[in-house]
$ cat final.cif   # mmCIF, N, CA and C atoms
data_protein
#
loop_
_atom_site.label_atom_id
_atom_site.label_comp_id
_atom_site.auth_asym_id
_atom_site.auth_seq_id
_atom_site.Cartn_x
_atom_site.Cartn_y
_atom_site.Cartn_z
N MET A 142 0.85 -1.17 0.00
CA MET A 142 0.00 0.00 0.00
C MET A 142 0.89 1.24 0.00
N LYS A 143 0.65 2.11 -0.95
CA LYS A 143 1.45 3.31 -1.09
C LYS A 143 0.86 4.42 -0.23
N ARG A 144 1.70 5.05 0.57
CA ARG A 144 1.24 6.13 1.45
C ARG A 144 1.50 7.47 0.78
N GLY A 145 0.81 8.50 1.29
CA GLY A 145 0.96 9.83 0.74
C GLY A 145 2.33 10.43 1.07
N ALA A 146 2.67 11.43 0.31
CA ALA A 146 3.97 12.08 0.48
C ALA A 146 3.88 13.31 1.36
N ALA A 147 2.75 13.52 2.01
CA ALA A 147 2.56 14.74 2.80
C ALA A 147 3.52 14.82 3.98
N LEU A 148 3.69 13.73 4.71
CA LEU A 148 4.58 13.75 5.88
C LEU A 148 6.04 13.99 5.51
N PRO A 149 6.60 13.27 4.52
CA PRO A 149 7.99 13.57 4.15
C PRO A 149 8.18 15.00 3.64
N ILE A 150 7.23 15.49 2.86
CA ILE A 150 7.36 16.86 2.36
C ILE A 150 7.27 17.86 3.50
N ALA A 151 6.37 17.64 4.44
CA ALA A 151 6.25 18.52 5.60
C ALA A 151 7.53 18.50 6.43
N LEU A 152 8.12 17.31 6.63
CA LEU A 152 9.38 17.22 7.38
C LEU A 152 10.51 17.96 6.68
N ILE A 153 10.58 17.84 5.37
CA ILE A 153 11.63 18.54 4.60
C ILE A 153 11.44 20.05 4.72
N CYS A 154 10.21 20.52 4.57
CA CYS A 154 9.94 21.97 4.64
C CYS A 154 10.23 22.52 6.03
N VAL A 155 9.74 21.86 7.06
CA VAL A 155 9.96 22.34 8.43
C VAL A 155 11.45 22.29 8.77
N GLY A 156 12.12 21.22 8.39
CA GLY A 156 13.56 21.12 8.66
C GLY A 156 14.36 22.18 7.92
N SER A 157 13.97 22.47 6.67
CA SER A 157 14.68 23.50 5.90
C SER A 157 14.50 24.88 6.50
N VAL A 158 13.27 25.20 6.88
CA VAL A 158 13.01 26.50 7.50
C VAL A 158 13.73 26.60 8.84
N TRP A 159 13.72 25.53 9.62
CA TRP A 159 14.41 25.51 10.91
C TRP A 159 15.91 25.73 10.72
N LEU A 160 16.50 25.07 9.73
CA LEU A 160 17.93 25.23 9.45
C LEU A 160 18.24 26.66 9.04
N LEU A 161 17.45 27.20 8.12
CA LEU A 161 17.69 28.58 7.68
C LEU A 161 17.52 29.58 8.81
N LYS A 162 16.54 29.35 9.68
CA LYS A 162 16.31 30.26 10.81
C LYS A 162 17.44 30.16 11.83
N SER A 163 17.91 28.93 12.09
CA SER A 163 18.97 28.77 13.09
C SER A 163 20.32 29.28 12.60
N THR A 164 20.52 29.34 11.29
CA THR A 164 21.77 29.88 10.75
C THR A 164 21.67 31.35 10.40
N ALA A 165 20.53 31.97 10.74
CA ALA A 165 20.28 33.39 10.51
C ALA A 165 20.29 33.76 9.03
N LEU A 166 19.98 32.80 8.16
CA LEU A 166 19.87 33.09 6.73
C LEU A 166 18.45 33.47 6.32
N LEU A 167 17.48 33.13 7.15
CA LEU A 167 16.09 33.45 6.88
C LEU A 167 15.75 34.77 7.55
N PRO A 168 15.14 35.70 6.81
CA PRO A 168 14.77 36.96 7.46
C PRO A 168 13.68 36.74 8.50
N ASN A 169 13.50 37.73 9.36
CA ASN A 169 12.46 37.56 10.39
C ASN A 169 11.08 37.48 9.75
N THR A 170 10.11 37.05 10.51
CA THR A 170 8.79 36.72 9.98
C THR A 170 8.10 37.91 9.31
N SER A 171 8.17 39.07 9.92
CA SER A 171 7.49 40.22 9.33
C SER A 171 8.13 40.65 8.01
N THR A 172 9.43 40.56 7.91
CA THR A 172 10.08 40.89 6.65
C THR A 172 9.72 39.88 5.57
N LEU A 173 9.67 38.62 5.94
CA LEU A 173 9.28 37.58 5.00
C LEU A 173 7.84 37.77 4.55
N LEU A 174 6.95 38.11 5.47
CA LEU A 174 5.55 38.38 5.13
C LEU A 174 5.45 39.58 4.19
N ALA A 175 6.20 40.62 4.46
CA ALA A 175 6.18 41.81 3.61
C ALA A 175 6.64 41.48 2.20
N LEU A 176 7.70 40.70 2.09
CA LEU A 176 8.20 40.30 0.77
C LEU A 176 7.19 39.44 0.03
N LEU A 177 6.55 38.52 0.72
CA LEU A 177 5.57 37.64 0.08
C LEU A 177 4.34 38.42 -0.39
N LEU A 178 3.85 39.36 0.42
CA LEU A 178 2.70 40.16 0.02
C LEU A 178 3.03 41.03 -1.20
N PHE A 179 4.19 41.66 -1.18
CA PHE A 179 4.59 42.50 -2.30
C PHE A 179 4.76 41.67 -3.56
N ALA A 180 5.42 40.52 -3.42
CA ALA A 180 5.63 39.63 -4.58
C ALA A 180 4.30 39.10 -5.11
N ALA A 181 3.35 38.82 -4.22
CA ALA A 181 2.04 38.33 -4.66
C ALA A 181 1.31 39.39 -5.49
N GLY A 182 1.42 40.65 -5.08
CA GLY A 182 0.80 41.72 -5.85
C GLY A 182 1.40 41.87 -7.23
N VAL A 183 2.71 41.82 -7.31
CA VAL A 183 3.39 41.95 -8.60
C VAL A 183 3.09 40.73 -9.48
N LEU A 184 3.15 39.55 -8.90
CA LEU A 184 2.91 38.32 -9.65
C LEU A 184 1.47 38.24 -10.15
N LEU A 185 0.52 38.65 -9.33
CA LEU A 185 -0.88 38.65 -9.75
C LEU A 185 -1.08 39.56 -10.95
N PHE A 186 -0.49 40.73 -10.91
CA PHE A 186 -0.62 41.66 -12.03
C PHE A 186 0.06 41.10 -13.28
N ALA A 187 1.21 40.47 -13.10
CA ALA A 187 1.93 39.92 -14.25
C ALA A 187 1.19 38.74 -14.88
N LEU A 188 0.57 37.90 -14.06
CA LEU A 188 -0.10 36.71 -14.60
C LEU A 188 -1.49 37.01 -15.12
N ASP A 189 -2.23 37.87 -14.43
CA ASP A 189 -3.62 38.10 -14.80
C ASP A 189 -3.79 39.30 -15.71
N GLY A 190 -2.80 40.16 -15.81
CA GLY A 190 -2.90 41.33 -16.67
C GLY A 190 -3.70 42.45 -16.05
N PHE A 191 -3.91 43.49 -16.81
CA PHE A 191 -4.61 44.67 -16.34
C PHE A 191 -6.11 44.49 -16.55
N ASN A 192 -6.87 44.45 -15.46
CA ASN A 192 -8.32 44.37 -15.54
C ASN A 192 -8.91 44.95 -14.25
N LYS A 193 -10.23 44.93 -14.13
CA LYS A 193 -10.90 45.53 -12.98
C LYS A 193 -10.48 44.88 -11.66
N SER A 194 -10.24 43.61 -11.69
CA SER A 194 -9.86 42.89 -10.47
C SER A 194 -8.44 43.22 -10.04
N THR A 195 -7.51 43.17 -10.98
CA THR A 195 -6.11 43.40 -10.62
C THR A 195 -5.81 44.88 -10.37
N LEU A 196 -6.66 45.76 -10.87
CA LEU A 196 -6.47 47.18 -10.61
C LEU A 196 -6.59 47.48 -9.12
N VAL A 197 -7.38 46.69 -8.41
CA VAL A 197 -7.57 46.89 -6.98
C VAL A 197 -6.66 45.97 -6.17
N THR A 198 -6.67 44.68 -6.48
CA THR A 198 -5.97 43.71 -5.62
C THR A 198 -4.45 43.80 -5.70
N SER A 199 -3.90 43.98 -6.87
CA SER A 199 -2.44 44.01 -7.00
C SER A 199 -1.80 45.18 -6.24
N PRO A 200 -2.27 46.42 -6.44
CA PRO A 200 -1.67 47.51 -5.65
C PRO A 200 -1.91 47.37 -4.15
N MET A 201 -3.07 46.82 -3.77
CA MET A 201 -3.34 46.68 -2.34
C MET A 201 -2.44 45.61 -1.70
N LEU A 202 -2.16 44.53 -2.41
CA LEU A 202 -1.22 43.54 -1.89
C LEU A 202 0.17 44.14 -1.75
N ALA A 203 0.61 44.87 -2.77
CA ALA A 203 1.93 45.50 -2.71
C ALA A 203 1.96 46.55 -1.60
N TYR A 204 0.90 47.32 -1.45
CA TYR A 204 0.83 48.33 -0.39
C TYR A 204 0.87 47.66 0.99
N SER A 205 0.16 46.55 1.13
CA SER A 205 0.16 45.83 2.41
C SER A 205 1.56 45.35 2.76
N GLY A 206 2.27 44.82 1.78
CA GLY A 206 3.64 44.37 2.02
C GLY A 206 4.55 45.52 2.41
N ALA A 207 4.43 46.63 1.71
CA ALA A 207 5.25 47.80 2.04
C ALA A 207 4.89 48.35 3.42
N SER A 208 3.62 48.30 3.77
CA SER A 208 3.19 48.78 5.09
C SER A 208 3.73 47.91 6.21
N VAL A 209 3.65 46.60 6.03
CA VAL A 209 4.17 45.69 7.06
C VAL A 209 5.67 45.93 7.25
N TYR A 210 6.38 46.11 6.15
CA TYR A 210 7.82 46.35 6.25
C TYR A 210 8.10 47.68 6.95
N ALA A 211 7.38 48.73 6.59
CA ALA A 211 7.62 50.05 7.19
C ALA A 211 7.27 50.07 8.67
N ILE A 212 6.19 49.39 9.04
CA ILE A 212 5.79 49.35 10.45
C ILE A 212 6.83 48.60 11.27
N ASP A 213 7.32 47.47 10.74
CA ASP A 213 8.26 46.65 11.50
C ASP A 213 9.67 47.23 11.50
N GLN A 214 10.17 47.60 10.35
CA GLN A 214 11.57 48.02 10.25
C GLN A 214 11.80 49.49 10.59
N LEU A 215 10.85 50.33 10.25
CA LEU A 215 11.05 51.77 10.46
C LEU A 215 10.35 52.28 11.72
N GLY A 216 9.52 51.44 12.32
CA GLY A 216 8.85 51.82 13.55
C GLY A 216 7.76 52.85 13.38
N LEU A 217 7.16 52.92 12.19
CA LEU A 217 6.09 53.87 11.95
C LEU A 217 4.78 53.33 12.51
N ARG A 218 3.81 54.20 12.69
CA ARG A 218 2.53 53.81 13.31
C ARG A 218 1.63 53.11 12.30
N ALA A 219 0.98 52.06 12.74
CA ALA A 219 0.10 51.28 11.88
C ALA A 219 -1.16 52.05 11.51
N THR A 220 -1.63 52.92 12.39
CA THR A 220 -2.87 53.64 12.11
C THR A 220 -2.75 54.54 10.88
N HIS A 221 -1.57 55.10 10.67
CA HIS A 221 -1.37 55.93 9.48
C HIS A 221 -1.49 55.09 8.21
N PHE A 222 -0.93 53.90 8.23
CA PHE A 222 -0.97 53.04 7.05
C PHE A 222 -2.37 52.49 6.80
N VAL A 223 -3.11 52.22 7.86
CA VAL A 223 -4.49 51.74 7.69
C VAL A 223 -5.34 52.84 7.07
N ALA A 224 -5.22 54.06 7.57
CA ALA A 224 -6.00 55.17 7.03
C ALA A 224 -5.63 55.45 5.57
N LEU A 225 -4.35 55.48 5.28
CA LEU A 225 -3.91 55.70 3.90
C LEU A 225 -4.34 54.55 3.00
N GLY A 226 -4.31 53.34 3.52
CA GLY A 226 -4.77 52.18 2.74
C GLY A 226 -6.24 52.26 2.41
N MET A 227 -7.05 52.77 3.34
CA MET A 227 -8.47 52.94 3.06
C MET A 227 -8.70 53.96 1.95
N VAL A 228 -7.95 55.04 1.98
CA VAL A 228 -8.07 56.05 0.92
C VAL A 228 -7.63 55.48 -0.41
N LEU A 229 -6.51 54.76 -0.41
CA LEU A 229 -6.01 54.15 -1.64
C LEU A 229 -6.99 53.13 -2.21
N MET A 230 -7.55 52.30 -1.35
CA MET A 230 -8.49 51.29 -1.83
C MET A 230 -9.76 51.93 -2.37
N GLY A 231 -10.25 52.98 -1.72
CA GLY A 231 -11.41 53.69 -2.23
C GLY A 231 -11.15 54.29 -3.60
N ALA A 232 -9.99 54.90 -3.77
CA ALA A 232 -9.64 55.49 -5.07
C ALA A 232 -9.51 54.41 -6.15
N LEU A 233 -8.92 53.27 -5.79
CA LEU A 233 -8.79 52.19 -6.76
C LEU A 233 -10.14 51.59 -7.12
N LEU A 234 -11.04 51.46 -6.14
CA LEU A 234 -12.37 50.95 -6.43
C LEU A 234 -13.14 51.89 -7.35
N LEU A 235 -12.99 53.19 -7.14
CA LEU A 235 -13.63 54.16 -8.04
C LEU A 235 -13.03 54.08 -9.44
N ALA A 236 -11.73 53.95 -9.53
CA ALA A 236 -11.08 53.85 -10.84
C ALA A 236 -11.48 52.57 -11.57
N ALA A 237 -11.72 51.50 -10.83
CA ALA A 237 -12.10 50.23 -11.45
C ALA A 237 -13.50 50.28 -12.05
N ARG A 238 -14.31 51.24 -11.65
CA ARG A 238 -15.66 51.38 -12.19
C ARG A 238 -15.66 52.01 -13.58
N SER A 239 -14.54 52.53 -14.01
CA SER A 239 -14.45 53.19 -15.31
C SER A 239 -14.67 52.20 -16.45
N ASP A 240 -15.24 52.69 -17.52
CA ASP A 240 -15.44 51.85 -18.70
C ASP A 240 -14.13 51.60 -19.45
N ARG A 241 -13.13 52.39 -19.18
CA ARG A 241 -11.83 52.21 -19.85
C ARG A 241 -11.06 51.00 -19.33
N VAL A 242 -11.41 50.55 -18.13
CA VAL A 242 -10.73 49.39 -17.54
C VAL A 242 -11.46 48.13 -17.99
N PRO A 243 -10.74 47.18 -18.61
CA PRO A 243 -11.42 45.99 -19.12
C PRO A 243 -11.88 45.06 -18.00
N GLU A 244 -12.92 44.29 -18.30
CA GLU A 244 -13.41 43.28 -17.38
C GLU A 244 -12.41 42.13 -17.33
N ARG A 245 -12.51 41.34 -16.30
CA ARG A 245 -11.64 40.17 -16.18
C ARG A 245 -12.09 39.13 -17.20
N SER A 246 -11.15 38.65 -17.98
CA SER A 246 -11.49 37.67 -19.00
C SER A 246 -11.51 36.27 -18.40
N GLU A 247 -12.27 35.40 -19.03
CA GLU A 247 -12.33 34.02 -18.57
C GLU A 247 -11.02 33.32 -18.92
N PRO A 248 -10.55 32.44 -18.04
CA PRO A 248 -9.32 31.72 -18.36
C PRO A 248 -9.51 30.82 -19.58
N ARG A 249 -8.47 30.72 -20.37
CA ARG A 249 -8.53 29.88 -21.56
C ARG A 249 -8.53 28.42 -21.16
N ARG A 250 -9.42 27.68 -21.77
CA ARG A 250 -9.50 26.26 -21.49
C ARG A 250 -8.77 25.50 -22.60
N ARG A 251 -8.00 24.54 -22.19
CA ARG A 251 -7.29 23.73 -23.17
C ARG A 251 -8.07 22.45 -23.41
N LEU A 252 -8.96 22.54 -24.35
CA LEU A 252 -9.77 21.39 -24.72
C LEU A 252 -9.31 20.90 -26.07
N PRO A 253 -9.49 19.63 -26.33
CA PRO A 253 -9.13 19.15 -27.66
C PRO A 253 -10.04 19.79 -28.72
N PRO A 254 -9.53 20.03 -29.89
CA PRO A 254 -10.36 20.66 -30.94
C PRO A 254 -11.53 19.76 -31.32
N ASP A 255 -12.65 20.43 -31.61
CA ASP A 255 -13.84 19.68 -32.03
C ASP A 255 -13.64 19.18 -33.45
N GLU A 256 -13.97 17.92 -33.65
CA GLU A 256 -13.87 17.35 -34.99
C GLU A 256 -15.27 17.26 -35.56
N ASP A 257 -15.58 18.17 -36.48
CA ASP A 257 -16.91 18.20 -37.09
C ASP A 257 -16.88 17.55 -38.45
#

$ encode --input "final.cif" --output "structure tokens"
Amino acid sequence: MKRGAALPIALICVGSVWLLKSTALLPNTSTLLALLLFAAGVLLFALDGFNKSTLVTSPMLAYSGASVYAIDQLGLRATHFVALGMVLMGALLLAARSDRVPERSEPRRRLPPDED
């Protein structure tokens, strides 16, 4: 009987993170979170393109990452970033209502060609 690979993969991941953390090669958690949020915003925009959905979510993910980094590393107040984030999100939501911004397209399906 073949067992799943979840346990070995989990052990490898936890051991790798533990090793990197103990050797001080892994950045602290808040810096890692900030990098992941920023990268997610950029990657979402790159993969999905410019549309009504990415006009709001991509900048907000990148803003969230930058905010987490600034709050943790620079010691700035979180309330300022929350208030500015609300203004930014409102402006992006209004901009997304424009007719100039395209709707999100349906993902392309890879189906075999129809033989008629």

$ residues_around --input "final.cif" --residues "segment 242-247 of chain A" --least-positions-apart "3" --cutoff "6 Å" --atoms "only N, CA and C atoms" --output "JSON, numbers by chain"
{"A": [191, 192, 193, 194, 239]}

$ closest_residue --input "final.cif" --among "A:Ser157, A:Thr220, A:Thr195, A:Gln214" --to "Leu173 of chain A" --atoms "only C-alpha atoms"
A:Gln214

$ resolve_selection --input "final.cif" --expression "the PyMOL selection byres (((chain A and resi 226 and name CA) around 12) and name CA)" --output "list of chain:residue names"
A:Val197, A:Thr198, A:Pro200, A:Met201, A:Leu202, A:Ala203, A:Tyr204, A:Ser205, A:Gly206, A:Ala207, A:Ser208, A:Val209, A:Ala219, A:Thr220, A:His221, A:Phe222, A:Val223, A:Ala224, A:Leu225, A:Met227, A:Val228, A:Leu229, A:Met230, A:Gly231, A:Ala232, A:Leu233, A:Leu234

$ atom_distance --input "final.cif" --atom1 "atom C of Leu215 of chain A" --atom2 "atom N of Ser163 of chain A"
24.5 Å

$ atom_distance --input "final.cif" --atom1 "atom CA of Asp189 of chain A" --atom2 "atom CA of Leu235 of chain A"
20.1 Å

$ atom_distance --input "final.cif" --atom1 "atom CA of Leu178 of chain A" --atom2 "atom CA of Trp159 of chain A"
21.7 Å

$ residues_around --input "final.cif" --residues "segment 165-172 of chain A" --least-positions-apart "2" --cutoff "9 Å" --atoms "only C-alpha atoms" --output "PyMOL selection string"
chain A and resi 158+160-163+174-177+206+209-210+213-214

$ select_by_dssp --input "final.cif" --residues "chain A" --states "helix (DSSP H, G or I)" --output "number ranges by chain"
A: 147-163, 170-189, 193-214, 219-237

$ closest_residue --input "final.cif" --among "A:Arg241, A:Pro149, A:Ser199, A:Ala236" --to "Phe179 of chain A" --atoms "all atoms listed in the file"
A:Ser199

$ decode --input "final.cif" --residues "segment 179-196 of chain A" --atoms "N, CA and C atoms" --output "CSV table (one decimal), in the first residue's frame"
chain,number,residue,atom,x,y,z
A,179,PHE,N,4.2,41.7,-1.2
A,179,PHE,CA,4.6,42.5,-2.3
A,179,PHE,C,4.8,41.7,-3.6
A,180,ALA,N,5.4,40.5,-3.4
A,180,ALA,CA,5.6,39.6,-4.6
A,180,ALA,C,4.3,39.1,-5.1
A,181,ALA,N,3.4,38.8,-4.2
A,181,ALA,CA,2.0,38.3,-4.7
A,181,ALA,C,1.3,39.4,-5.5
A,182,GLY,N,1.4,40.6,-5.1
A,182,GLY,CA,0.8,41.7,-5.8
A,182,GLY,C,1.4,41.9,-7.2
A,183,VAL,N,2.7,41.8,-7.3
A,183,VAL,CA,3.4,41.9,-8.6
A,183,VAL,C,3.1,40.7,-9.5
A,184,LEU,N,3.2,39.5,-8.9
A,184,LEU,CA,2.9,38.3,-9.7
A,184,LEU,C,1.5,38.2,-10.1
A,185,LEU,N,0.5,38.6,-9.3
A,185,LEU,CA,-0.9,38.6,-9.8
A,185,LEU,C,-1.1,39.6,-11.0
A,186,PHE,N,-0.5,40.7,-10.9
A,186,PHE,CA,-0.6,41.7,-12.0
A,186,PHE,C,0.1,41.1,-13.3
A,187,ALA,N,1.2,40.5,-13.1
A,187,ALA,CA,1.9,39.9,-14.2
A,187,ALA,C,1.2,38.7,-14.9
A,188,LEU,N,0.6,37.9,-14.1
A,188,LEU,CA,-0.1,36.7,-14.6
A,188,LEU,C,-1.5,37.0,-15.1
A,189,ASP,N,-2.2,37.9,-14.4
A,189,ASP,CA,-3.6,38.1,-14.8
A,189,ASP,C,-3.8,39.3,-15.7
A,190,GLY,N,-2.8,40.2,-15.8
A,190,GLY,CA,-2.9,41.3,-16.7
A,190,GLY,C,-3.7,42.5,-16.0
A,191,PHE,N,-3.9,43.5,-16.8
A,191,PHE,CA,-4.6,44.7,-16.3
A,191,PHE,C,-6.1,44.5,-16.6
A,192,ASN,N,-6.9,44.4,-15.5
A,192,ASN,CA,-8.3,44.4,-15.5
A,192,ASN,C,-8.9,45.0,-14.3
A,193,LYS,N,-10.2,44.9,-14.1
A,193,LYS,CA,-10.9,45.5,-13.0
A,193,LYS,C,-10.5,44.9,-11.7
A,194,SER,N,-10.2,43.6,-11.7
A,194,SER,CA,-9.9,42.9,-10.5
A,194,SER,C,-8.4,43.2,-10.0
A,195,THR,N,-7.5,43.2,-11.0
A,195,THR,CA,-6.1,43.4,-10.6
A,195,THR,C,-5.8,44.9,-10.4
A,196,LEU,N,-6.7,45.8,-10.9
A,196,LEU,CA,-6.5,47.2,-10.6
A,196,LEU,C,-6.6,47.5,-9.1
